[in-house]
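coords.txt (compact mmCIF, C-alpha atoms and all ligand atoms) appears below.
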# COMPACT_ATOMS: atom_id res chain seq x y z
CA MET A 1 127.00 120.02 117.43
CA ALA A 2 124.44 118.80 114.92
CA ILE A 3 123.14 121.53 112.67
CA GLU A 4 119.66 122.97 112.30
CA SER A 5 118.51 123.81 108.84
CA ASP A 6 115.47 125.01 106.96
CA GLY A 7 114.66 127.64 109.57
CA GLY A 8 114.82 124.95 112.26
CA ARG A 9 112.17 122.74 110.62
CA ARG A 10 114.52 119.79 110.54
CA SER A 11 117.44 118.85 112.70
CA GLY A 12 120.60 116.90 112.24
CA ILE A 13 121.58 114.29 114.80
CA THR A 14 125.10 113.82 116.12
CA ILE A 15 125.90 110.77 118.21
CA ALA A 16 129.31 110.39 119.83
CA GLY A 17 130.73 107.46 121.78
CA LEU A 18 127.32 106.09 122.69
CA VAL A 19 127.44 103.06 124.99
CA LYS A 20 124.42 101.25 126.42
CA LEU A 21 124.78 98.58 129.04
CA TYR A 22 122.03 96.31 130.30
CA GLY A 23 123.72 94.93 133.38
CA SER A 24 126.98 93.54 132.04
CA LEU A 25 125.60 93.21 128.49
CA LYS A 26 127.02 95.92 126.19
CA VAL A 27 124.20 96.47 123.72
CA LEU A 28 125.66 99.62 122.12
CA ASN A 29 129.39 99.53 121.89
CA GLY A 30 130.59 103.10 121.24
CA ILE A 31 128.33 104.34 118.43
CA SER A 32 129.37 107.56 116.67
CA LEU A 33 127.26 108.82 113.80
CA ASP A 34 126.47 112.10 112.05
CA ILE A 35 123.05 112.43 110.45
CA GLU A 36 122.57 115.50 108.26
CA PRO A 37 119.43 117.63 108.55
CA GLY A 38 116.83 116.26 106.14
CA ALA A 39 118.63 112.94 105.59
CA PHE A 40 116.84 109.59 105.29
CA VAL A 41 119.02 107.06 107.11
CA ALA A 42 118.38 103.34 107.59
CA LEU A 43 119.85 101.44 110.55
CA LEU A 44 120.28 97.94 109.11
CA GLY A 45 121.28 94.81 110.98
CA PRO A 46 120.10 91.42 112.20
CA SER A 47 117.70 90.94 115.08
CA GLY A 48 119.31 91.72 118.42
CA CYS A 49 122.15 93.91 117.08
CA GLY A 50 120.92 96.99 118.97
CA LYS A 51 118.88 98.94 116.36
CA THR A 52 115.84 99.50 118.56
CA THR A 53 118.02 100.38 121.54
CA LEU A 54 119.83 103.01 119.48
CA LEU A 55 116.54 104.49 118.25
CA ARG A 56 115.05 104.51 121.75
CA THR A 57 118.16 106.21 123.07
CA ILE A 58 117.80 108.95 120.43
CA ALA A 59 114.12 109.25 121.35
CA GLY A 60 114.77 109.43 125.08
CA LEU A 61 112.83 106.24 125.79
CA ALA A 62 116.05 104.62 127.02
CA ASP A 63 118.99 106.28 128.73
CA ALA A 64 122.62 105.90 127.69
CA SER A 65 125.48 104.59 129.81
CA HIS A 66 128.12 106.80 128.16
CA GLY A 67 128.31 109.25 125.27
CA THR A 68 126.41 112.22 123.89
CA ILE A 69 123.52 112.86 121.50
CA ASP A 70 122.77 116.24 119.93
CA ILE A 71 119.52 116.89 118.08
CA GLY A 72 119.81 120.14 116.15
CA ASP A 73 121.77 122.55 118.31
CA ARG A 74 120.61 120.97 121.54
CA ARG A 75 122.53 118.41 123.56
CA VAL A 76 119.81 115.98 124.62
CA VAL A 77 122.08 113.32 126.17
CA ASP A 78 125.39 113.58 127.96
CA ALA A 79 125.42 110.41 129.99
CA ASP A 80 128.60 111.15 131.89
CA LYS A 81 127.32 114.59 132.98
CA GLY A 82 123.81 113.39 133.74
CA VAL A 83 122.20 115.43 130.93
CA PHE A 84 118.92 113.87 129.79
CA VAL A 85 116.26 115.88 127.95
CA PRO A 86 112.87 114.12 128.25
CA PRO A 87 111.35 112.70 125.05
CA GLN A 88 108.51 115.21 124.72
CA GLN A 89 111.06 118.05 124.59
CA ARG A 90 113.11 116.49 121.80
CA ARG A 91 110.75 117.51 118.96
CA LEU A 92 110.55 114.07 117.40
CA GLY A 93 107.93 111.67 116.17
CA MET A 94 108.19 107.91 116.47
CA VAL A 95 106.40 104.98 114.85
CA PHE A 96 106.81 101.43 116.15
CA GLN A 97 106.39 98.03 114.58
CA HIS A 98 103.37 97.42 116.80
CA TYR A 99 101.20 100.39 116.05
CA ALA A 100 100.82 101.19 119.74
CA LEU A 101 97.58 103.08 119.24
CA TRP A 102 95.45 103.66 122.31
CA PRO A 103 92.53 101.27 121.82
CA HIS A 104 90.09 103.24 124.00
CA MET A 105 90.62 106.48 122.03
CA THR A 106 89.21 107.40 118.64
CA VAL A 107 91.57 107.88 115.71
CA ARG A 108 91.16 111.65 116.15
CA ASN A 109 92.17 111.50 119.81
CA ASN A 110 95.07 109.21 119.07
CA ILE A 111 96.42 111.71 116.56
CA CYS A 112 95.69 114.60 118.90
CA PHE A 113 97.61 113.10 121.80
CA PRO A 114 101.00 114.73 121.05
CA LEU A 115 99.31 118.12 120.54
CA ARG A 116 97.80 117.90 124.03
CA LYS A 117 100.95 116.57 125.57
CA GLN A 118 103.20 119.18 123.99
CA GLY A 119 100.82 122.02 124.79
CA PHE A 120 99.79 123.09 121.27
CA PRO A 121 96.98 125.73 121.38
CA ARG A 122 93.58 124.01 121.33
CA ALA A 123 92.41 126.27 118.51
CA GLU A 124 94.99 124.67 116.18
CA TRP A 125 94.16 121.03 116.91
CA ASP A 126 91.44 120.41 114.36
CA ALA A 127 93.26 122.00 111.44
CA ARG A 128 96.45 120.13 112.26
CA ILE A 129 94.67 116.80 112.55
CA MET A 130 92.86 117.29 109.24
CA ALA A 131 96.07 118.31 107.48
CA VAL A 132 98.09 115.37 108.74
CA ALA A 133 95.29 112.89 108.02
CA GLU A 134 95.39 114.07 104.42
CA THR A 135 99.19 113.90 104.33
CA VAL A 136 99.27 110.23 105.30
CA GLY A 137 96.29 109.32 103.12
CA LEU A 138 93.82 108.54 105.89
CA PRO A 139 90.23 108.43 104.69
CA THR A 140 87.39 109.86 106.78
CA ILE A 141 87.74 107.51 109.71
CA LEU A 142 88.72 109.98 112.39
CA ASP A 143 85.85 109.02 114.69
CA ARG A 144 86.40 105.27 114.54
CA SER A 145 88.27 103.30 117.13
CA PRO A 146 91.56 101.61 116.16
CA SER A 147 89.98 98.14 116.40
CA GLN A 148 87.76 99.06 113.42
CA LEU A 149 90.78 99.68 111.16
CA SER A 150 92.92 97.45 108.94
CA GLY A 151 96.62 97.04 109.73
CA GLY A 152 97.58 99.50 107.01
CA GLN A 153 95.11 102.10 108.29
CA GLN A 154 96.36 101.64 111.86
CA GLN A 155 99.90 102.23 110.71
CA ARG A 156 98.79 105.40 108.88
CA VAL A 157 97.21 106.61 112.12
CA ALA A 158 100.46 105.90 113.96
CA LEU A 159 102.33 107.87 111.31
CA ALA A 160 99.84 110.76 111.51
CA ARG A 161 100.29 110.81 115.29
CA ALA A 162 104.06 110.95 114.83
CA LEU A 163 103.85 113.82 112.31
CA VAL A 164 101.08 115.99 113.75
CA SER A 165 103.36 118.04 116.00
CA GLU A 166 105.72 118.76 113.08
CA PRO A 167 108.69 116.92 114.53
CA LYS A 168 112.19 117.83 113.42
CA VAL A 169 113.13 114.16 113.41
CA LEU A 170 111.02 111.12 112.50
CA LEU A 171 112.09 107.78 114.03
CA LEU A 172 110.64 104.62 112.48
CA ASP A 173 111.19 101.22 114.11
CA GLU A 174 110.35 98.50 111.55
CA PRO A 175 107.01 100.24 110.98
CA LEU A 176 106.03 98.11 108.00
CA SER A 177 107.06 94.60 108.97
CA ASN A 178 103.59 93.60 110.19
CA LEU A 179 101.92 94.45 106.89
CA ASP A 180 101.41 92.15 103.95
CA ALA A 181 103.85 92.45 101.07
CA ASN A 182 101.81 94.60 98.65
CA LEU A 183 100.77 97.12 101.25
CA ARG A 184 104.30 97.21 102.63
CA ASP A 185 105.66 98.10 99.23
CA GLN A 186 103.08 100.83 98.76
CA LEU A 187 103.74 102.36 102.18
CA ARG A 188 107.50 102.25 101.57
CA ARG A 189 106.99 104.40 98.49
CA GLU A 190 104.59 106.72 100.27
CA LEU A 191 106.90 107.18 103.24
CA ARG A 192 109.76 108.05 100.93
CA GLN A 193 107.58 110.52 98.98
CA LEU A 194 106.44 112.07 102.23
CA HIS A 195 110.05 112.54 103.22
CA ASP A 196 110.83 114.14 99.88
CA ARG A 197 107.93 116.58 100.28
CA GLN A 198 108.49 117.49 103.92
CA GLY A 199 112.20 116.94 104.33
CA THR A 200 111.95 115.76 107.93
CA THR A 201 115.14 114.05 109.06
CA THR A 202 114.18 110.38 109.13
CA VAL A 203 115.83 107.39 110.81
CA LEU A 204 114.39 104.01 109.82
CA VAL A 205 115.25 100.80 111.66
CA THR A 206 115.01 97.69 109.51
CA HIS A 207 116.48 94.20 109.19
CA ASP A 208 115.52 94.14 105.50
CA GLN A 209 118.27 95.12 103.05
CA HIS A 210 115.74 95.70 100.25
CA GLU A 211 113.71 98.08 102.38
CA ALA A 212 116.85 99.95 103.45
CA ALA A 213 118.10 100.26 99.87
CA MET A 214 114.72 101.29 98.53
CA MET A 215 114.00 103.98 101.10
CA ALA A 216 117.20 105.45 102.51
CA ASP A 217 119.95 107.71 101.15
CA THR A 218 122.40 106.34 103.68
CA ILE A 219 122.57 102.88 105.20
CA VAL A 220 124.25 102.29 108.56
CA VAL A 221 125.06 98.61 109.06
CA ILE A 222 125.19 97.49 112.69
CA GLU A 223 126.69 94.27 114.02
CA SER A 224 126.54 93.42 117.73
CA GLY A 225 126.19 97.05 118.86
CA SER A 226 128.89 98.48 116.59
CA ILE A 227 128.65 100.30 113.27
CA VAL A 228 130.48 98.25 110.64
CA GLN A 229 129.75 100.28 107.49
CA VAL A 230 128.09 103.56 106.53
CA GLY A 231 127.36 104.56 102.95
CA PRO A 232 124.83 105.07 100.18
CA PRO A 233 122.85 101.92 99.30
CA GLY A 234 124.95 101.31 96.16
CA ASP A 235 128.16 101.17 98.21
CA ILE A 236 126.74 98.84 100.83
CA LEU A 237 125.29 96.45 98.24
CA ASP A 238 128.24 96.52 95.81
CA ARG A 239 131.17 97.13 98.15
CA PRO A 240 130.44 95.42 101.45
CA ALA A 241 133.26 96.18 103.87
CA ASN A 242 133.56 92.69 105.31
CA ARG A 243 132.08 89.24 105.30
CA PHE A 244 129.36 90.09 107.80
CA VAL A 245 128.01 92.95 105.67
CA ALA A 246 128.37 90.89 102.49
CA GLY A 247 126.43 87.99 103.98
CA PHE A 248 123.79 90.32 105.35
CA VAL A 249 123.14 92.01 101.99
CA GLY A 250 122.80 88.75 100.11
CA TYR A 251 126.26 87.57 99.02
CA ASP A 252 126.11 83.81 99.35
CA ASN A 253 129.35 82.55 97.75
CA PHE A 254 132.70 83.08 99.42
CA LEU A 255 136.10 82.09 98.06
CA ALA A 256 139.10 82.15 100.37
CA GLY A 257 142.59 83.02 99.17
CA VAL A 258 145.73 85.05 99.72
CA VAL A 259 146.64 88.36 98.04
CA GLU A 260 149.50 87.52 95.68
CA GLN A 261 150.10 91.02 94.40
CA LEU A 262 148.19 94.21 93.74
CA ASP A 263 148.45 97.62 92.13
CA GLY A 264 146.08 100.57 91.82
CA SER A 265 143.74 98.83 89.40
CA ALA A 266 144.04 95.07 89.89
CA VAL A 267 144.52 92.52 92.64
CA GLN A 268 145.70 88.95 92.17
CA ILE A 269 144.36 86.37 94.59
CA ARG A 270 145.73 82.86 94.95
CA LEU A 271 142.72 80.73 95.79
CA SER A 272 142.76 77.71 98.07
CA GLY A 273 142.53 75.50 94.93
CA GLY A 274 145.84 76.98 93.66
CA ASP A 275 144.32 79.07 90.83
CA VAL A 276 145.36 82.71 90.65
CA VAL A 277 142.60 85.11 89.61
CA THR A 278 142.89 88.80 88.76
CA LEU A 279 140.07 91.03 89.94
CA ARG A 280 139.55 94.78 90.01
CA ASN A 281 141.22 96.44 92.99
CA ARG A 282 138.50 98.54 94.53
CA GLY A 283 140.68 99.97 97.25
CA SER A 284 139.45 98.06 100.27
CA GLY A 285 142.72 97.99 102.20
CA LEU A 286 144.16 94.74 100.83
CA LYS A 287 147.87 93.96 101.29
CA ALA A 288 150.13 91.45 99.55
CA GLY A 289 150.54 88.23 101.52
CA GLN A 290 147.30 88.71 103.50
CA PRO A 291 144.34 86.36 103.50
CA ALA A 292 141.36 87.74 101.57
CA THR A 293 137.84 86.67 100.66
CA ILE A 294 136.02 87.10 97.35
CA ALA A 295 132.23 87.43 97.62
CA VAL A 296 129.80 86.65 94.79
CA ARG A 297 126.01 86.64 94.68
CA SER A 298 124.70 83.37 93.25
CA GLU A 299 122.77 85.26 90.57
CA GLN A 300 126.06 86.88 89.46
CA LEU A 301 127.88 83.59 89.23
CA SER A 302 127.41 81.75 85.93
CA LEU A 303 128.56 78.42 84.55
CA ALA A 304 129.90 77.55 81.12
CA GLY A 305 130.68 74.25 79.46
CA ALA A 306 133.85 75.43 77.78
CA SER A 307 136.55 77.87 78.80
CA GLN A 308 136.85 81.20 77.00
CA ALA A 309 139.95 83.21 76.25
CA PRO A 310 140.77 85.55 79.20
CA GLN A 311 138.06 88.20 79.58
CA GLU A 312 137.99 91.64 81.15
CA SER A 313 134.61 91.17 82.71
CA PHE A 314 134.99 87.83 84.49
CA VAL A 315 137.46 85.22 85.69
CA GLU A 316 136.98 81.47 85.32
CA LEU A 317 137.57 78.53 87.62
CA PRO A 318 137.28 74.82 86.78
CA ALA A 319 134.58 73.11 88.83
CA ARG A 320 132.26 70.12 88.92
CA VAL A 321 128.46 70.20 89.23
CA ALA A 322 127.41 68.73 92.57
CA GLY A 323 123.64 69.09 92.22
CA VAL A 324 120.74 71.05 90.82
CA GLN A 325 117.68 72.27 92.73
CA GLY A 326 114.54 74.03 91.55
CA LEU A 327 113.34 76.91 93.72
CA GLY A 328 110.08 78.11 92.20
CA ARG A 329 110.99 80.58 89.46
CA TRP A 330 114.67 80.00 90.16
CA ARG A 331 117.12 77.17 89.79
CA GLU A 332 120.27 76.73 91.83
CA THR A 333 123.15 74.77 90.37
CA TYR A 334 125.66 73.75 93.06
CA VAL A 335 129.25 73.25 92.04
CA ASP A 336 132.39 72.17 93.82
CA TYR A 337 135.57 74.17 93.30
CA ALA A 338 138.54 72.58 95.07
CA GLY A 339 136.36 71.62 98.05
CA THR A 340 134.50 74.95 98.17
CA LYS A 341 130.78 74.70 97.48
CA LEU A 342 129.42 77.46 95.23
CA SER A 343 125.96 78.06 93.85
CA ALA A 344 124.83 79.66 90.60
CA ARG A 345 121.25 80.89 90.32
CA ASP A 346 119.35 81.31 87.09
CA LEU A 347 115.77 81.10 85.87
CA ALA A 348 114.22 77.65 86.17
CA ASP A 349 113.07 77.69 82.53
CA ALA A 350 116.50 78.65 81.07
CA PRO A 351 118.61 75.89 79.48
CA PRO A 352 120.35 73.83 82.22
CA GLN A 353 123.81 75.07 83.25
CA GLY A 354 125.12 71.52 83.70
CA GLU A 355 124.09 68.20 85.21
CA GLN A 356 125.39 66.42 88.26
CA GLY A 357 129.01 65.31 87.83
CA SER A 358 129.70 67.35 84.71
CA LYS A 359 132.78 69.55 84.42
CA VAL A 360 132.05 73.25 84.10
CA PHE A 361 133.78 76.62 84.31
CA VAL A 362 132.55 78.96 87.02
CA ARG A 363 132.51 82.59 85.89
CA ILE A 364 133.00 85.24 88.54
CA PRO A 365 132.55 88.94 87.69
CA SER A 366 135.88 90.80 87.88
CA HIS A 367 134.30 93.60 89.90
CA SER A 368 133.30 91.20 92.71
CA PRO A 369 134.13 92.60 96.15
CA VAL A 370 137.30 91.36 97.81
CA PHE A 371 137.93 92.08 101.46
CA VAL A 372 140.50 91.42 104.13
CA ASP A 373 139.55 88.35 106.15
N1 LIG A 401 115.28 96.28 128.49
C1 LIG A 401 116.24 95.38 128.20
N2 LIG A 401 116.88 94.70 129.16
C2 LIG A 401 117.87 93.82 128.88
N3 LIG A 401 118.31 93.56 127.65
C3 LIG A 401 117.73 94.21 126.63
C4 LIG A 401 116.67 95.16 126.84
N4 LIG A 401 116.31 95.65 125.62
C5 LIG A 401 117.07 95.04 124.71
N5 LIG A 401 117.93 94.18 125.31
C6 LIG A 401 118.94 93.35 124.61
O1 LIG A 401 119.72 94.22 123.83
C7 LIG A 401 120.08 93.61 122.60
C8 LIG A 401 119.66 94.50 121.46
O2 LIG A 401 118.24 94.56 121.40
P1 LIG A 401 117.48 95.47 120.36
O3 LIG A 401 118.01 96.85 120.44
O4 LIG A 401 116.04 95.29 120.61
O5 LIG A 401 117.92 94.82 118.97
P2 LIG A 401 117.27 94.94 117.51
O6 LIG A 401 116.27 96.05 117.52
O7 LIG A 401 118.42 95.19 116.61
O8 LIG A 401 116.64 93.61 117.24
C9 LIG A 401 119.44 92.24 122.60
O9 LIG A 401 120.40 91.32 123.02
C10 LIG A 401 118.33 92.39 123.62
O10 LIG A 401 118.04 91.15 124.20
MG MG A 402 114.21 96.01 117.09
Hey, can you dump this file as structure tokens for me?
Amino acid sequence: MAIESDGGRRSGITIAGLVKLYGSLKVLNGISLDIEPGAFVALLGPSGCGKTTLLRTIAGLADASHGTIDIGDRRVVDADKGVFVPPQQRRLGMVFQHYALWPHMTVRNNICFPLRKQGFPRAEWDARIMAVAETVGLPTILDRSPSQLSGGQQQRVALARALVSEPKVLLLDEPLSNLDANLRDQLRRELRQLHDRQGTTTVLVTHDQHEAAMMADTIVVIESGSIVQVGPPGDILDRPANRFVAGFVGYDNFLAGVVEQLDGSAVQIRLSGGDVVTLRNRGSGLKAGQPATIAVRSEQLSLAGASQAPQESFVELPARVAGVQGLGRWRETYVDYAGTKLSARDLADAPPQGEQGSKVFVRIPSHSPVFVD
């Protein structure tokens, strides 16, 4: 059972063996996840991987095919036993990507809606609405209609509506992706600060690794309806568990090889070009003789004209420059290592890293992630 904490003001969520079928399409493929009371968790994955479906299943806006969900000490879903607690009894607030405000209602009545629906005493309504409007930074626009508001203001109203009934869980489905970049950044910070003040358990759906890393304490990476990695942002970004996660969080160079040998601190990989490189063994389940992949971000890959004596901090591979491309502030230098195309990114106004056809040494950080293929 998920735990209640803080006198029941926030709830944990425990999901076990959750499966969701749409016809024969398995959209959630046995999801199990423990969310601590007061946590800020991001569900991260590409479009179509099942993030919204998972959130809607927690909210009670979709039913499950198999599995259980507990919110606090209450079992709200047990699909195989036909248990299904309706959304308004789950004590949660939800904000969608499309603000989903009622256009014919004033801002005040939009925010009031959950209070009516959940039967809060009428005498409390005004005070609650005023307090939550202040919390989310809404100016005095309570009597306007949503069509008279900017996108950012509409999203603040949606957030106020989600918070007004003091939910124990806040579910956010890409709530910022329709806003322009500056406002999005500001609201990311504000949402995180709000969480830190109020401590409401928060689950954020996003396809944006930067947003997930900036806002959440724990990132849950989802691929095709299955959880592939759970961890703090630093772990997900620096120690992706496999090629899918690595690619999704921005690793764009991959080198294939075979594990030659390994001990507790180092792993030797024989690359397809025949070179053997020694990297840090970061304990990701590698075994001698198995195929493995090294992942490197292009901004962490550098080029040098001459080889250096062996270094602790990087390994070197001989390569040839295949092309150079300017990308605004950045410059990408493409190199060929034994038939594998790699790219090194640096600032466009830095001295060139090499010109087409020149021989270079590619430097790869020794702490680069290596995973089983
Ligand atoms: N009501 C539905 N009926 C049939 N298929 C659906 C329905 N809702 C979502 N899907 C499918 O489920 C998969 C996951 O969708 P969704 O949860 O919206 O993904 P995400 O939010 O990660 O983009 C997609 O293949 C989508 O087409
Ligand atoms: Mg979605």
Nearest to A:Thr53 by atom-to-atom distance, counting all atoms listed in the file, from A:Ile31, A:Ala319, A:Ile294, A:Ala348: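 Ranking A:Ile31, A:Ala319, A:Ile294, A:Ala348 by distance to A:Thr53, first place goes to A:Ile31.
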Cut-off 9 Å: closest chain A/ligand LIG 401 (chain A) atom pairs per residue, using all atoms listed in the file, as CSV:
residue,atom,partner,partner_atom,distance
A:Lys20,CA,A:LIG401,O1,8.8
A:Leu21,CA,A:LIG401,N3,8.3
A:Tyr22,CA,A:LIG401,C2,5.1
A:Gly23,CA,A:LIG401,C2,7.5
A:Leu25,CA,A:LIG401,N3,7.3
A:Lys26,CA,A:LIG401,O1,7.9
A:Val27,CA,A:LIG401,O1,5.0
A:Leu28,CA,A:LIG401,C8,7.9
A:Leu43,CA,A:LIG401,O7,8.8
A:Leu44,CA,A:LIG401,O7,8.2
A:Gly45,CA,A:LIG401,O7,6.3
A:Pro46,CA,A:LIG401,O7,6.0
A:Ser47,CA,A:LIG401,O8,3.6
A:Gly48,CA,A:LIG401,O5,3.4
A:Cys49,CA,A:LIG401,O7,4.0
A:Gly50,CA,A:LIG401,O3,3.3
A:Lys51,CA,A:LIG401,O7,3.8
A:Thr52,CA,A:LIG401,O6,3.6
A:Thr53,CA,A:LIG401,O3,3.7
A:Leu54,CA,A:LIG401,O3,6.5
A:Leu55,CA,A:LIG401,O3,8.1
A:Arg56,CA,A:LIG401,O3,8.3
A:Ala62,CA,A:LIG401,N1,8.5
A:Asp173,CA,A:LIG401,O6,8.0
A:Glu174,CA,A:LIG401,O6,8.8
A:Val205,CA,A:LIG401,O6,7.6
A:Thr206,CA,A:LIG401,O7,8.3
A:His207,CA,A:LIG401,O7,7.7
A:Ile222,CA,A:LIG401,O7,8.2
A:Glu223,CA,A:LIG401,O7,8.7
A:Ser224,CA,A:LIG401,C8,7.9
A:Gly225,CA,A:LIG401,C8,7.5
Could the residues in this selection be written to a file with C-alpha atoms, as a PDB file, in the frame of the given file?
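Result saved to selection.pdb:
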ATOM      1  CA  LYS A  20     124.420 101.250 126.420  1.00  0.00           C
ATOM      2  CA  LEU A  21     124.780  98.580 129.040  1.00  0.00           C
ATOM      3  CA  TYR A  22     122.030  96.310 130.300  1.00  0.00           C
ATOM      4  CA  GLY A  23     123.720  94.930 133.380  1.00  0.00           C
ATOM      5  CA  LEU A  25     125.600  93.210 128.490  1.00  0.00           C
ATOM      6  CA  LYS A  26     127.020  95.920 126.190  1.00  0.00           C
ATOM      7  CA  VAL A  27     124.200  96.470 123.720  1.00  0.00           C
ATOM      8  CA  LEU A  28     125.660  99.620 122.120  1.00  0.00           C
ATOM      9  CA  LEU A  43     119.850 101.440 110.550  1.00  0.00           C
ATOM     10  CA  LEU A  44     120.280  97.940 109.110  1.00  0.00           C
ATOM     11  CA  GLY A  45     121.280  94.810 110.980  1.00  0.00           C
ATOM     12  CA  PRO A  46     120.100  91.420 112.200  1.00  0.00           C
ATOM     13  CA  SER A  47     117.700  90.940 115.080  1.00  0.00           C
ATOM     14  CA  GLY A  48     119.310  91.720 118.420  1.00  0.00           C
ATOM     15  CA  CYS A  49     122.150  93.910 117.080  1.00  0.00           C
ATOM     16  CA  GLY A  50     120.920  96.990 118.970  1.00  0.00           C
ATOM     17  CA  LYS A  51     118.880  98.940 116.360  1.00  0.00           C
ATOM     18  CA  THR A  52     115.840  99.500 118.560  1.00  0.00           C
ATOM     19  CA  THR A  53     118.020 100.380 121.540  1.00  0.00           C
ATOM     20  CA  LEU A  54     119.830 103.010 119.480  1.00  0.00           C
ATOM     21  CA  LEU A  55     116.540 104.490 118.250  1.00  0.00           C
ATOM     22  CA  ARG A  56     115.050 104.510 121.750  1.00  0.00           C
ATOM     23  CA  ALA A  62     116.050 104.620 127.020  1.00  0.00           C
ATOM     24  CA  ASP A 173     111.190 101.220 114.110  1.00  0.00           C
ATOM     25  CA  GLU A 174     110.350  98.500 111.550  1.00  0.00           C
ATOM     26  CA  VAL A 205     115.250 100.800 111.660  1.00  0.00           C
ATOM     27  CA  THR A 206     115.010  97.690 109.510  1.00  0.00           C
ATOM     28  CA  HIS A 207     116.480  94.200 109.190  1.00  0.00           C
ATOM     29  CA  ILE A 222     125.190  97.490 112.690  1.00  0.00           C
ATOM     30  CA  GLU A 223     126.690  94.270 114.020  1.00  0.00           C
ATOM     31  CA  SER A 224     126.540  93.420 117.730  1.00  0.00           C
ATOM     32  CA  GLY A 225     126.190  97.050 118.860  1.00  0.00           C
TER      33      GLY A 225
END
One-decimal distance in Å that lies between atom CA of A:Val362 and atom CA of A:Gly264: 25.9 Å
Selection near A:Leu101, 8 Å with only C-alpha atoms, sequence-local residues under 6 positions removed, as JSON, numbers by chain: {"A": [110, 146, 154, 157, 158]}
Neighbour list for A:Leu33 as a list of chain:residue names, cut-off 7 Å, only C-alpha atoms, skip fewer than 2 positions in-chain: A:Thr14, A:Ile15, A:Ala16, A:Ile31, A:Ile35
Option closest in space to ligand MG 402 (chain A), from A:Ser177, A:Gln229, A:Ser272, A:Thr135 [counting all atoms listed in the file]: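 Answer, going by the shortest atom-to-atom distance: A:Ser177.
Among A:Phe244, A:Phe371, A:Phe96, A:Phe113, the residue with the shortest atom-to-atom distance to ligand MG 402 (chain A), counting all atoms listed in the file, is A:Phe96.
In this structure, atom CA of A:Gly17 sits 28.9 Å away from atom CA of A:Met214.
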Atomic distance atom CA of A:Gly30 - atom CA of A:Val85, expressed in Å with one decimal: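 Going from atom CA of A:Gly30 over to atom CA of A:Val85 covers 20.3 Å.
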Local residues around (132.4, 83.5, 103.5), at most 12 Å away, using only C-alpha atoms, as number ranges by chain: A: 242-248, 250-257, 292-297, 340-342, 369-373
